[in-house]
Every structure is written in C-alpha cells, then in structure tokens.
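Student: The following file, start13.tsv, comprises TSV, C-alpha atoms:
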```
chain	number	residue	atom	x	y	z
A	1	MET	CA	0.00	0.00	0.00
A	2	LYS	CA	1.26	3.42	-0.84
A	3	THR	CA	1.64	5.81	2.07
A	4	ILE	CA	2.48	9.44	1.44
A	5	ILE	CA	4.53	11.06	4.14
A	6	PHE	CA	5.06	14.75	3.94
A	7	LEU	CA	7.09	17.06	6.12
A	8	LEU	CA	4.94	19.64	7.79
A	9	LEU	CA	6.38	23.09	7.44
A	10	ALA	CA	5.86	26.34	9.30
A	11	THR	CA	2.35	27.65	9.84
A	12	THR	CA	2.21	29.83	8.17
A	13	SER	CA	-12.68	39.35	1.58
A	14	THR	CA	-33.62	55.79	0.16
A	15	GLN	CA	-36.64	56.39	0.72
A	16	ALA	CA	-39.12	55.23	-1.95
A	17	SER	CA	-39.68	57.54	-4.88
A	18	ALA	CA	-42.92	57.89	-6.83
A	19	PHE	CA	-44.35	54.58	-7.97
A	20	SER	CA	-43.35	54.07	-11.58
A	21	SER	CA	-44.79	50.65	-12.39
A	22	PRO	CA	-42.06	48.22	-11.31
A	23	SER	CA	-41.49	45.28	-13.61
A	24	LEU	CA	-43.36	42.18	-12.44
A	25	LEU	CA	-42.57	39.77	-15.25
A	26	LEU	CA	-39.59	39.30	-17.52
A	27	PRO	CA	-40.70	36.84	-20.21
A	28	GLU	CA	-37.37	37.18	-22.01
A	29	SER	CA	-35.32	36.16	-18.98
A	30	PRO	CA	-32.20	34.32	-20.13
A	31	THR	CA	-31.87	30.61	-19.56
A	32	SER	CA	-28.43	30.77	-17.98
A	33	PRO	CA	-27.85	27.78	-15.68
A	34	ARG	CA	-28.36	29.16	-12.18
A	35	HIS	CA	-27.78	25.70	-10.69
A	36	ARG	CA	-24.71	24.04	-12.08
A	37	HIS	CA	-25.98	20.97	-12.35
A	38	VAL	CA	-6.61	8.04	2.32
A	39	LEU	CA	-5.63	10.30	5.01
A	40	PRO	CA	-1.98	11.58	4.93
A	41	ILE	CA	0.09	10.99	8.04
A	42	ALA	CA	0.28	14.19	10.08
A	43	LEU	CA	3.84	14.79	11.18
A	44	PRO	CA	4.71	17.05	14.14
A	45	ARG	CA	5.87	20.50	13.09
A	46	ASP	CA	8.72	22.64	14.22
A	47	ARG	CA	6.81	25.92	14.56
A	48	SER	CA	9.96	27.98	14.83
A	49	ALA	CA	11.14	27.70	11.22
A	50	ARG	CA	10.30	26.26	7.85
A	51	TYR	CA	11.99	23.02	6.90
A	52	ARG	CA	15.07	23.34	4.76
A	53	PRO	CA	17.68	20.73	3.77
A	54	SER	CA	20.82	21.09	5.84
A	55	SER	CA	23.63	23.12	4.35
A	56	SER	CA	25.83	20.03	4.32
A	57	ALA	CA	23.44	18.49	1.86
A	58	ALA	CA	23.97	21.24	-0.69
A	59	GLY	CA	25.43	19.78	-3.84
A	60	SER	CA	25.12	16.25	-2.47
A	61	THR	CA	23.43	13.54	-4.50
A	62	HIS	CA	22.22	11.73	-1.40
A	63	GLN	CA	20.33	13.00	1.60
A	64	GLN	CA	19.02	11.39	4.78
A	65	VAL	CA	15.66	12.69	6.04
A	66	ASP	CA	14.30	11.78	9.47
A	67	VAL	CA	10.57	12.04	10.05
A	68	HIS	CA	8.26	11.18	12.91
A	69	VAL	CA	5.50	8.63	12.29
A	70	GLY	CA	3.42	8.37	15.43
A	71	ASN	CA	5.90	7.68	18.25
A	72	LYS	CA	8.52	6.22	15.93
A	73	MET	CA	11.35	7.79	14.00
A	74	ALA	CA	11.66	6.73	10.37
A	75	SER	CA	14.64	7.48	8.16
A	76	THR	CA	14.08	7.91	4.46
A	77	SER	CA	16.83	8.25	1.90
A	78	THR	CA	16.52	10.26	-1.28
A	79	SER	CA	19.05	10.35	-4.07
A	80	SER	CA	19.53	11.97	-7.42
A	81	ALA	CA	18.64	8.65	-9.03
A	82	THR	CA	15.27	8.55	-7.28
A	83	LYS	CA	12.35	9.77	-9.35
A	84	LEU	CA	10.70	12.56	-7.40
A	85	PRO	CA	6.90	12.72	-7.27
A	86	THR	CA	5.31	15.04	-9.79
A	87	LEU	CA	2.20	17.16	-9.68
A	88	GLY	CA	-0.85	15.27	-10.90
A	89	LEU	CA	-3.63	17.47	-9.56
A	90	LEU	CA	-3.55	21.09	-8.41
A	91	THR	CA	-6.74	22.56	-6.95
A	92	PHE	CA	-7.54	26.06	-5.77
A	93	ASP	CA	-10.06	27.70	-3.54
A	94	LEU	CA	-11.24	30.95	-5.12
A	95	ASP	CA	-12.49	33.61	-2.67
A	96	ASP	CA	-9.62	35.24	-0.77
A	97	THR	CA	-7.21	32.85	-2.47
A	98	LEU	CA	-7.09	34.10	-6.06
A	99	PHE	CA	-8.94	37.38	-5.45
A	100	PRO	CA	-10.22	39.30	-2.40
A	101	ILE	CA	-13.89	38.57	-1.88
A	102	GLY	CA	-14.65	41.88	-0.12
A	103	PRO	CA	-14.39	44.24	-3.11
A	104	VAL	CA	-15.76	41.56	-5.43
A	105	LEU	CA	-18.97	41.23	-3.43
A	106	ALA	CA	-19.21	45.00	-3.08
A	107	ASP	CA	-19.15	45.37	-6.86
A	108	ALA	CA	-21.65	42.54	-7.35
A	109	ASN	CA	-24.01	43.96	-4.74
A	110	GLU	CA	-23.84	47.39	-6.33
A	111	ALA	CA	-24.78	45.88	-9.70
A	112	MET	CA	-27.63	43.98	-8.04
A	113	ILE	CA	-29.11	47.11	-6.47
A	114	SER	CA	-28.70	49.05	-9.74
A	115	ALA	CA	-30.67	46.34	-11.52
A	116	ILE	CA	-33.40	46.45	-8.88
A	117	LEU	CA	-33.65	50.25	-9.07
A	118	ALA	CA	-33.78	50.12	-12.87
A	119	LEU	CA	-36.83	47.86	-12.57
A	120	GLY	CA	-38.63	50.48	-10.47
A	121	TYR	CA	-38.17	49.08	-6.97
A	122	GLN	CA	-36.71	52.26	-5.53
A	123	SER	CA	-36.70	51.41	-1.82
A	124	VAL	CA	-34.57	48.22	-1.79
A	125	THR	CA	-31.05	48.38	-0.35
A	126	ASN	CA	-28.24	45.86	-0.08
A	127	ALA	CA	-28.68	45.88	3.69
A	128	ASP	CA	-32.28	44.77	3.17
A	129	VAL	CA	-31.20	41.85	1.01
A	130	LEU	CA	-28.50	40.78	3.46
A	131	ALA	CA	-30.95	40.90	6.36
A	132	ALA	CA	-33.41	38.80	4.37
A	133	THR	CA	-30.74	36.17	3.64
A	134	LYS	CA	-29.98	35.83	7.34
A	135	THR	CA	-33.66	35.49	8.22
A	136	ILE	CA	-34.27	32.86	5.56
A	137	ARG	CA	-31.20	30.86	6.49
A	138	ASN	CA	-32.01	30.92	10.20
A	139	GLU	CA	-35.58	29.77	9.57
A	140	LEU	CA	-34.39	26.90	7.39
A	141	SER	CA	-31.64	25.96	9.84
A	142	GLU	CA	-34.19	25.53	12.61
A	143	ILE	CA	-35.94	22.80	10.61
A	144	GLY	CA	-32.73	21.29	9.27
A	145	THR	CA	-33.28	22.28	5.63
A	146	PRO	CA	-30.13	23.17	3.64
A	147	ILE	CA	-30.21	25.78	0.91
A	148	THR	CA	-27.75	26.73	-1.81
A	149	TYR	CA	-26.25	30.18	-1.85
A	150	THR	CA	-27.94	30.75	-5.21
A	151	ASP	CA	-31.39	29.94	-3.87
A	152	LEU	CA	-30.71	31.87	-0.68
A	153	ARG	CA	-29.77	35.08	-2.47
A	154	THR	CA	-32.53	34.71	-5.08
A	155	LYS	CA	-35.18	34.16	-2.40
A	156	ALA	CA	-33.89	37.16	-0.45
A	157	ILE	CA	-34.11	39.34	-3.55
A	158	GLN	CA	-37.65	38.06	-4.18
A	159	VAL	CA	-38.69	38.85	-0.60
A	160	GLU	CA	-37.38	42.40	-0.81
A	161	LEU	CA	-39.00	43.04	-4.20
A	162	GLU	CA	-42.35	41.89	-2.82
A	163	ARG	CA	-41.97	44.12	0.24
A	164	ALA	CA	-41.03	47.09	-1.92
A	165	LEU	CA	-44.05	46.59	-4.15
A	166	GLU	CA	-46.32	46.29	-1.11
A	167	ARG	CA	-44.96	49.55	0.28
A	168	LEU	CA	-45.89	51.16	-3.02
A	169	GLY	CA	-49.44	49.89	-2.71
A	170	GLY	CA	-49.09	46.97	-5.09
A	171	ASN	CA	-49.80	43.28	-4.72
A	172	PRO	CA	-46.61	41.51	-3.60
A	173	GLU	CA	-47.78	38.26	-5.17
A	174	ALA	CA	-47.58	39.94	-8.57
A	175	VAL	CA	-43.75	39.85	-8.56
A	176	HIS	CA	-42.82	36.99	-10.87
A	177	SER	CA	-39.85	34.83	-9.92
A	178	SER	CA	-38.20	35.64	-13.26
A	179	VAL	CA	-37.55	39.16	-11.93
A	180	SER	CA	-35.47	37.99	-8.98
A	181	GLU	CA	-33.74	35.42	-11.18
A	182	ARG	CA	-32.72	38.14	-13.64
A	183	VAL	CA	-31.38	40.26	-10.80
A	184	PHE	CA	-29.38	37.31	-9.49
A	185	ASP	CA	-27.88	36.71	-12.93
A	186	THR	CA	-26.80	40.35	-13.00
A	187	TRP	CA	-25.18	39.90	-9.59
A	188	LEU	CA	-23.33	36.76	-10.70
A	189	THR	CA	-22.03	38.34	-13.90
A	190	ALA	CA	-20.77	41.36	-11.98
A	191	ARG	CA	-19.11	39.02	-9.47
A	192	HIS	CA	-17.04	37.32	-12.17
A	193	GLU	CA	-16.17	40.60	-13.86
A	194	SER	CA	-15.00	42.11	-10.58
A	195	ALA	CA	-12.99	39.00	-9.71
A	196	GLU	CA	-11.12	39.39	-12.99
A	197	ARG	CA	-10.34	43.02	-12.18
A	198	ASN	CA	-9.27	42.18	-8.65
A	199	LEU	CA	-7.01	39.16	-9.10
A	200	TYR	CA	-4.19	39.16	-6.58
A	201	PRO	CA	-0.83	40.47	-7.81
A	202	GLY	CA	1.16	37.83	-9.62
A	203	ALA	CA	-1.78	35.49	-10.21
A	204	MET	CA	-1.44	35.35	-13.98
A	205	GLU	CA	2.33	35.00	-13.86
A	206	MET	CA	1.97	32.23	-11.29
A	207	PHE	CA	-0.36	30.22	-13.52
A	208	GLU	CA	1.98	30.66	-16.49
A	209	THR	CA	4.89	29.36	-14.43
A	210	VAL	CA	2.96	26.40	-13.03
A	211	LYS	CA	1.58	25.43	-16.44
A	212	ALA	CA	5.04	25.50	-17.93
A	213	ALA	CA	6.57	23.46	-15.09
A	214	TYR	CA	3.76	20.87	-14.91
A	215	PRO	CA	2.12	20.74	-18.35
A	216	ASN	CA	0.38	17.43	-17.64
A	217	ALA	CA	-1.11	18.43	-14.31
A	218	VAL	CA	-4.88	18.80	-14.07
A	219	ILE	CA	-5.91	22.14	-12.52
A	220	GLY	CA	-9.28	22.64	-10.88
A	221	ALA	CA	-11.25	24.99	-8.66
A	222	VAL	CA	-13.06	23.83	-5.53
A	223	THR	CA	-15.53	26.36	-4.15
A	224	ASN	CA	-18.64	26.39	-2.02
A	225	GLY	CA	-20.28	29.17	-3.98
A	226	ARG	CA	-20.83	30.30	-7.55
A	227	GLY	CA	-17.47	31.77	-8.47
A	228	ASP	CA	-16.13	29.95	-11.51
A	229	PRO	CA	-12.81	30.55	-13.29
A	230	LEU	CA	-14.32	28.98	-16.43
A	231	ASP	CA	-16.57	32.06	-16.56
A	232	MET	CA	-13.58	34.39	-16.17
A	233	ARG	CA	-12.81	34.39	-19.87
A	234	GLN	CA	-10.34	37.28	-19.88
A	235	THR	CA	-8.07	35.84	-17.21
A	236	LEU	CA	-8.31	32.43	-15.53
A	237	ARG	CA	-10.31	30.30	-17.96
A	238	PRO	CA	-7.33	29.05	-20.05
A	239	TYR	CA	-5.62	27.64	-16.97
A	240	PHE	CA	-8.45	25.60	-15.47
A	241	ASP	CA	-9.72	22.19	-16.50
A	242	PHE	CA	-12.77	22.05	-14.23
A	243	THR	CA	-14.69	23.63	-11.37
A	244	ILE	CA	-16.40	21.79	-8.55
A	245	SER	CA	-19.00	23.83	-6.70
A	246	GLY	CA	-20.75	23.11	-3.44
A	247	GLU	CA	-23.95	23.72	-5.40
A	248	ASP	CA	-23.35	20.96	-7.95
A	249	GLU	CA	-26.07	18.33	-7.92
A	250	ASP	CA	-23.63	15.57	-6.98
A	251	VAL	CA	-22.15	17.64	-4.14
A	252	PHE	CA	-24.83	19.70	-2.38
A	253	PRO	CA	-25.27	19.86	0.55
A	254	HIS	CA	-21.82	18.33	1.19
A	255	ARG	CA	-19.80	21.49	0.61
A	256	LYS	CA	-16.64	22.43	2.45
A	257	PRO	CA	-15.55	21.37	4.99
A	258	ALA	CA	-17.41	18.11	4.24
A	259	ALA	CA	-15.51	15.40	2.40
A	260	GLY	CA	-18.14	15.15	-0.33
A	261	ILE	CA	-16.94	18.13	-2.34
A	262	TYR	CA	-13.36	16.84	-2.34
A	263	GLN	CA	-14.48	13.33	-3.25
A	264	ALA	CA	-16.28	14.84	-6.25
A	265	THR	CA	-13.05	16.69	-7.07
A	266	LEU	CA	-11.05	13.46	-7.06
A	267	ALA	CA	-13.67	11.72	-9.21
A	268	LYS	CA	-13.54	14.58	-11.72
A	269	HIS	CA	-9.76	14.44	-11.89
A	270	ASN	CA	-9.73	10.67	-12.32
A	271	SER	CA	-12.21	10.87	-15.18
A	272	LEU	CA	-10.17	13.56	-16.94
A	273	ALA	CA	-6.72	12.11	-16.34
A	274	GLY	CA	-7.59	8.44	-16.59
A	275	TYR	CA	-5.95	7.41	-13.33
A	276	ASP	CA	-6.57	7.49	-9.58
A	277	ILE	CA	-4.51	10.36	-8.21
A	278	ILE	CA	-4.45	8.89	-4.69
A	279	ALA	CA	-3.32	5.41	-5.77
A	280	GLU	CA	-0.93	6.41	-8.57
A	281	GLU	CA	2.76	6.13	-7.80
A	282	ASN	CA	4.80	9.35	-8.05
A	283	LYS	CA	1.70	11.54	-8.50
A	284	CYS	CA	0.63	14.07	-5.89
A	285	TRP	CA	-2.42	16.22	-5.29
A	286	ILE	CA	-1.86	19.73	-3.91
A	287	HIS	CA	-4.69	21.98	-2.75
A	288	VAL	CA	-4.21	25.72	-2.22
A	289	GLY	CA	-6.55	27.80	-0.09
A	290	ASP	CA	-6.84	30.53	2.53
A	291	ASP	CA	-9.23	28.83	4.95
A	292	LEU	CA	-7.69	26.50	7.51
A	293	ALA	CA	-10.86	24.47	8.11
A	294	ASN	CA	-12.37	24.43	4.62
A	295	ASP	CA	-9.18	24.19	2.59
A	296	VAL	CA	-6.32	22.85	4.66
A	297	GLY	CA	-8.00	20.47	7.06
A	298	ALA	CA	-10.75	19.23	4.76
A	299	SER	CA	-8.55	18.60	1.72
A	300	ALA	CA	-5.77	16.97	3.76
A	301	ALA	CA	-8.31	14.56	5.23
A	302	CYS	CA	-9.07	13.41	1.68
A	303	GLY	CA	-5.43	12.92	0.65
A	304	ALA	CA	-4.19	16.33	-0.46
A	305	LEU	CA	-1.01	18.12	0.50
A	306	ALA	CA	-2.38	21.47	1.62
A	307	ILE	CA	-0.66	24.79	0.95
A	308	TRP	CA	-2.06	27.53	3.16
A	309	TYR	CA	-2.33	30.96	1.53
A	310	ASN	CA	-2.01	33.08	4.64
A	311	ALA	CA	-2.12	36.76	3.75
A	312	GLU	CA	-3.83	39.53	5.65
A	313	VAL	CA	-7.00	40.43	3.73
A	314	GLU	CA	-9.78	42.62	5.07
A	315	GLY	CA	-12.89	40.53	5.62
A	316	GLY	CA	-10.99	37.24	5.26
A	317	THR	CA	-11.87	34.04	7.12
A	318	ARG	CA	-8.51	32.33	7.55
A	319	ASP	CA	-8.82	31.88	11.30
A	320	GLY	CA	-12.46	30.85	11.31
A	321	SER	CA	-13.67	34.36	12.20
A	322	THR	CA	-16.81	35.87	10.71
A	323	PRO	CA	-16.60	37.82	7.44
A	324	PHE	CA	-18.86	40.84	7.07
A	325	TYR	CA	-21.09	39.08	4.53
A	326	SER	CA	-21.57	35.86	6.49
A	327	THR	CA	-25.01	34.50	7.40
A	328	ALA	CA	-23.56	31.70	9.53
A	329	SER	CA	-24.97	31.01	12.98
A	330	ALA	CA	-22.97	31.58	16.17
A	331	GLU	CA	-22.70	27.82	16.67
A	332	GLU	CA	-21.33	27.31	13.19
A	333	ILE	CA	-18.81	30.10	13.62
A	334	GLU	CA	-17.52	28.60	16.86
A	335	ARG	CA	-17.29	25.16	15.28
A	336	ARG	CA	-15.27	26.56	12.39
A	337	LYS	CA	-12.83	28.24	14.75
A	338	LYS	CA	-12.13	24.91	16.45
A	339	MET	CA	-11.70	23.19	13.09
A	340	ALA	CA	-9.29	25.90	11.96
A	341	HIS	CA	-7.16	25.39	15.05
A	342	GLU	CA	-7.02	21.63	14.48
A	343	ALA	CA	-6.15	22.11	10.81
A	344	GLU	CA	-2.98	24.06	11.53
A	345	LYS	CA	-1.01	20.86	12.02
A	346	LEU	CA	-1.96	19.71	8.51
A	347	VAL	CA	-0.32	22.64	6.71
A	348	SER	CA	2.32	21.34	4.29
A	349	ARG	CA	3.52	24.75	3.23
A	350	GLN	CA	2.60	28.36	3.92
A	351	ILE	CA	2.71	31.25	1.45
A	352	SER	CA	1.82	34.92	1.80
A	353	SER	CA	1.60	35.76	-1.91
A	354	LEU	CA	0.78	33.91	-5.10
A	355	GLU	CA	4.24	34.65	-6.42
A	356	GLU	CA	5.53	32.18	-3.84
A	357	LEU	CA	3.35	29.31	-5.00
A	358	PRO	CA	5.55	27.77	-7.74
A	359	GLY	CA	8.41	27.44	-5.29
A	360	ALA	CA	6.11	26.11	-2.59
A	361	ILE	CA	4.78	23.46	-4.97
A	362	GLU	CA	8.30	22.38	-5.89
A	363	GLU	CA	9.36	22.12	-2.26
A	364	THR	CA	6.17	20.27	-1.27
A	365	LEU	CA	6.74	17.70	-4.02
A	366	ARG	CA	10.38	17.29	-3.01
A	367	TYR	CA	9.34	16.07	0.41
A	368	CYS	CA	6.38	13.99	-0.70
A	369	ILE	CA	8.17	10.69	-0.07
A	370	ASP	CA	6.90	7.20	-0.93
A	371	VAL	CA	7.79	4.58	1.66
```
Represent the structure of the file as structure tokens.

Tutor:
Amino acid sequence: MKTIIFLLLATTSTQASAFSSPSLLLPESPTSPRHRHVLPIALPRDRSARYRPSSSAAGSTHQQVDVHVGNKMASTSTSSATKLPTLGLLTFDLDDTLFPIGPVLADANEAMISAILALGYQSVTNADVLAATKTIRNELSEIGTPITYTDLRTKAIQVELERALERLGGNPEAVHSSVSERVFDTWLTARHESAERNLYPGAMEMFETVKAAYPNAVIGAVTNGRGDPLDMRQTLRPYFDFTISGEDEDVFPHRKPAAGIYQATLAKHNSLAGYDIIAEENKCWIHVGDDLANDVGASAACGALAIWYNAEVEGGTRDGSTPFYSTASAEEIERRKKMAHEAEKLVSRQISSLEELPGAIEETLRYCIDV
C-alpha cells in the first residue's frame, strides 16, 4: 500500500420615490444555468522555522531525512537517481485565495441594487437583502433544511422586491420569480467581472509558471459558492480544466468542509486524467486555499497536500472568524474556529503571496516521499 509522508512546514474578503410601475414579469429572462448541475500521516511540526535541507546536503546527490511517524522515528533516503513525485492534480479555492472577496462582493451587490432600481423598486437596499438572507437561512436551519447560496440570495431578492411593491401599494404576489432570477444573474455576472479586475498580484504569472513546469497536471477549482474561473474568460479560464461547486447536484449539501466536495473533485480528476490520483505512484495532489478548516483540514483529510495561503486580507476568514457578509450562525462560527485550530497541524507549506506558489509546490513535491 502506498503511504504518502510529507514534512509539515511552518504555519504559516432611500426612501421610496414615486411609484413608476415596477417590472413584475420578464418573459425574455435568459436561460443561464443558475444551478450548475486516504488520510496523509500528520507529522509534528517545528513551529519555529520552515523546513530546509541542511547546508551540508547542498550539492550532495544523497540526503538522509528523518521524520516522525506516530511515536517512531523513520529514516528515508533520497538520491539523485530517485524519481521525485510530480504534480498530478492542483486545486484552488477561489475567494480570498485568487482574489479578495470583499471588493468583489461590493461590486456585485452594487450591480444587483442598480438592476433592482432600474426595474422600479426604488426602496430596496443591499442591507435589506443581506438581512433577508440571514432570516431565511435561520428559519431553514431551525428545521434542518439546507439551501444553496444561489437559492438563498434569489429568495432574499424576491422577498425584498415583494416588500417594496407592497410599500408602493401593489400586490406583492404579482412579482414573478423571473424578476429575482434576472437580478441574481446580473449579480453573478458582476461578481465574475469584478474578480477578474481584482485578481491578486502575480496570479497570472503564477499560472503561467505552473503550467510550464507541470504541463500534464490537471488544474481545478473547488468552491462552495458560484465563483467559476471557467466564466472568467479574460483571465483564468485558459488555466483551469474544471470547477467543482458546493452547489453541484452531486455535491450539495456536502460542501466544504465536508468530504463530499473533495471526493467529487477526485472523481472529476480521475475521469479527466484516466488514473486514480491517490493510488498512482509518483503523483501528488496539492490543494491551495486561505481557509484552515475548509481548505487545509478538509482537503488533507481526503489525501491532499495542503498549501495555506495566509495573507492579511480585510474581511478574510482564515482563522475561522466571521466575514462581514456571512449569514452563519454563532454555533457554526464557533465550530469553524475549532476546526481551523485543528487544521494548523496539517499545513504542508505556507505562502503569503501567489508569487511564492511555484516554489512552494516544488518544495512540497520534493518532500512527498513514498515509503
């Protein structure tokens, strides 16, 4: 049986105007698809410094590496004649990993409100929609009913449109669902456009470097929401082979940090590449993300070597804290904080910028040792 041992390295987004006949039905609403339909051994870390080969090993063709496995010490030899593992699968989280989610959501929300105002619903604000999402989610949570982020936002928009029409003296039941669906599509389009404008520095250069170094690697996105690099045609689309969303029919409701979304990721890779990435000799899967619980801990539990993108970003969720846009309950937030703490020991490599990723991948592969 193949066991992958990796050395753990350092730890590392008005008042209502005159009633002007708001639109109630959009018969020409587009038909865009709103619903896209082996545990690694954790080795104790030296928190004081990142692992580096000893200086005496420089230029040497043979190196002895000691690692802890449980309570035992195992020595593993590597030599220049040994074929190092190569990258078979590289997956990325999106929000706060490839772009900051704060400004992206701000742009998308602005486009959403502009679309609502253009339809004549002059009293709806983004704060109203956010409050509605929290109310809907809390009500559904009480009865144990999951909901996708798409449905949650669309329902919140629908609720606020109905309330706005009622305030204007109209019949709230007259608001057709196609109106809220059109508004959501506007929001989603603006989200992708803003993400392209707000890619982190060095993102494009990083992908060029990785593609050149590992031309046969499959690259995918793993996200709980609706961001999709395949819809980012001016930037990321050429570099990605697939996207797995927590809203996919074969995933929902098993989104991060559940194993289901990563199991779907592995199945997608295996169908594209024609081999089992976990079982294949000399092939490794690396996942890159900013969230300790969702990205590091959850992917590592499914067989990935996890690289933690740990950069200070306003509104980020790296430590399990609550982002400004979150609708999560207090219990869920506390649970995520505990998971984040536990996931720290599963970090294979830590980076603070995307420019560092090619080197981090190379170093992670170098110490992905078959025994």

Student: So that I can check the surroundings of Phe99 in chain A, please list as a PDB file with C-alpha atoms, in the frame of the given file every protein, DNA and RNA residue that reaches within 8 Å of it, counting all atoms listed in the file and ignoring chain neighbours fewer than 6 positions away.

Tutor:
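The resulting file, around_5.pdb, is shown below:
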```
ATOM      1  CA  ALA A 195     -12.990  39.000  -9.710  1.00  0.00           C
ATOM      2  CA  ASN A 198      -9.270  42.180  -8.650  1.00  0.00           C
ATOM      3  CA  LEU A 199      -7.010  39.160  -9.100  1.00  0.00           C
ATOM      4  CA  TYR A 200      -4.190  39.160  -6.580  1.00  0.00           C
TER       5      TYR A 200
END
```

Student: Provide the CA of Thr133 in chain A to CA of Ala156 in chain A distance in Å, to one decimal place.

Tutor: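 It comes out at 5.3 Å.
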
Student: Please identify all polymer residues lying at most 12 Å from the point (-22.4, 17.8, -3.0) (file coordinates), using only C-alpha atoms, and present the result as a PyMOL selection string.

Tutor: chain A and resi 36-37+146-148+222-225+244-265

Student: Those selected residues, please, written with C-alpha atoms and delivered as a CSV table (one decimal), keeping the file's coordinate frame.

Tutor:
```csv
chain,number,residue,atom,x,y,z
A,36,ARG,CA,-24.7,24.0,-12.1
A,37,HIS,CA,-26.0,21.0,-12.4
A,146,PRO,CA,-30.1,23.2,3.6
A,147,ILE,CA,-30.2,25.8,0.9
A,148,THR,CA,-27.8,26.7,-1.8
A,222,VAL,CA,-13.1,23.8,-5.5
A,223,THR,CA,-15.5,26.4,-4.2
A,224,ASN,CA,-18.6,26.4,-2.0
A,225,GLY,CA,-20.3,29.2,-4.0
A,244,ILE,CA,-16.4,21.8,-8.6
A,245,SER,CA,-19.0,23.8,-6.7
A,246,GLY,CA,-20.8,23.1,-3.4
A,247,GLU,CA,-24.0,23.7,-5.4
A,248,ASP,CA,-23.4,21.0,-8.0
A,249,GLU,CA,-26.1,18.3,-7.9
A,250,ASP,CA,-23.6,15.6,-7.0
A,251,VAL,CA,-22.2,17.6,-4.1
A,252,PHE,CA,-24.8,19.7,-2.4
A,253,PRO,CA,-25.3,19.9,0.6
A,254,HIS,CA,-21.8,18.3,1.2
A,255,ARG,CA,-19.8,21.5,0.6
A,256,LYS,CA,-16.6,22.4,2.4
A,257,PRO,CA,-15.6,21.4,5.0
A,258,ALA,CA,-17.4,18.1,4.2
A,259,ALA,CA,-15.5,15.4,2.4
A,260,GLY,CA,-18.1,15.2,-0.3
A,261,ILE,CA,-16.9,18.1,-2.3
A,262,TYR,CA,-13.4,16.8,-2.3
A,263,GLN,CA,-14.5,13.3,-3.2
A,264,ALA,CA,-16.3,14.8,-6.2
A,265,THR,CA,-13.0,16.7,-7.1
```

Student: Step by step: start from the point (-12.2, 28.2, -16.1) in the file's coordinates, keep every protein, DNA or RNA residue that has an atom no farther than 12 Å from it, count only C-alpha atoms, and write the set as a compact mmCIF listing (two decimals) with C-alpha atoms, in the frame of the given file.

Tutor:
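Saved as selection28.txt:
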```
# COMPACT_ATOMS: atom_id res chain seq x y z
CA PHE A 92 -7.54 26.06 -5.77
CA LEU A 94 -11.24 30.95 -5.12
CA HIS A 192 -17.04 37.32 -12.17
CA GLU A 196 -11.12 39.39 -12.99
CA ILE A 219 -5.91 22.14 -12.52
CA GLY A 220 -9.28 22.64 -10.88
CA ALA A 221 -11.25 24.99 -8.66
CA VAL A 222 -13.06 23.83 -5.53
CA GLY A 227 -17.47 31.77 -8.47
CA ASP A 228 -16.13 29.95 -11.51
CA PRO A 229 -12.81 30.55 -13.29
CA LEU A 230 -14.32 28.98 -16.43
CA ASP A 231 -16.57 32.06 -16.56
CA MET A 232 -13.58 34.39 -16.17
CA ARG A 233 -12.81 34.39 -19.87
CA GLN A 234 -10.34 37.28 -19.88
CA THR A 235 -8.07 35.84 -17.21
CA LEU A 236 -8.31 32.43 -15.53
CA ARG A 237 -10.31 30.30 -17.96
CA PRO A 238 -7.33 29.05 -20.05
CA TYR A 239 -5.62 27.64 -16.97
CA PHE A 240 -8.45 25.60 -15.47
CA ASP A 241 -9.72 22.19 -16.50
CA PHE A 242 -12.77 22.05 -14.23
CA THR A 243 -14.69 23.63 -11.37
CA ILE A 244 -16.40 21.79 -8.55
```

Student: Rounded to one decimal in Å, what is the spacing between CA of Ala306 in chain A and CA of Gly274 in chain A?

Tutor: 23.0 Å

Student: What does the distance between CA of Ala190 in chain A and CA of His176 in chain A come to in Å, to one decimal place?

Tutor: 22.5 Å

Student: Quick one: of A:Leu98, A:Leu272, A:Ala131, A:Val124, who's nearest to Met204 in chain A, counting all atoms listed in the file?

Tutor: A:Leu98

Student: Which one is closest to Asp107 in chain A: A:Ala301, A:Leu161, A:Leu188, A:Cys368? Count all atoms listed in the file.

Tutor: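 Closest candidate: A:Leu188.
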
Student: For range 125-128 of chain A, list every protein, DNA or RNA residue within 12 Å, evaluated using all atoms listed in the file, and leave out those in the same chain fewer than 3 positions away; present the list as number ranges by chain.

Tutor: A: 14-16, 105-117, 121-122, 131-135, 153, 156-161, 163-164, 187, 324-325

Student: Of the candidates A:Ile333, A:Met206, A:Ala174, A:Ile307, which one gets nearest to Leu292 in chain A if we count all atoms listed in the file?

Tutor: A:Ile307

Student: Nearest to Leu165 in chain A among A:Asn270, A:Gln350, A:Thr91, A:Ser123, with distances taken over only C-alpha atoms: which residue is it?

Tutor: A:Ser123
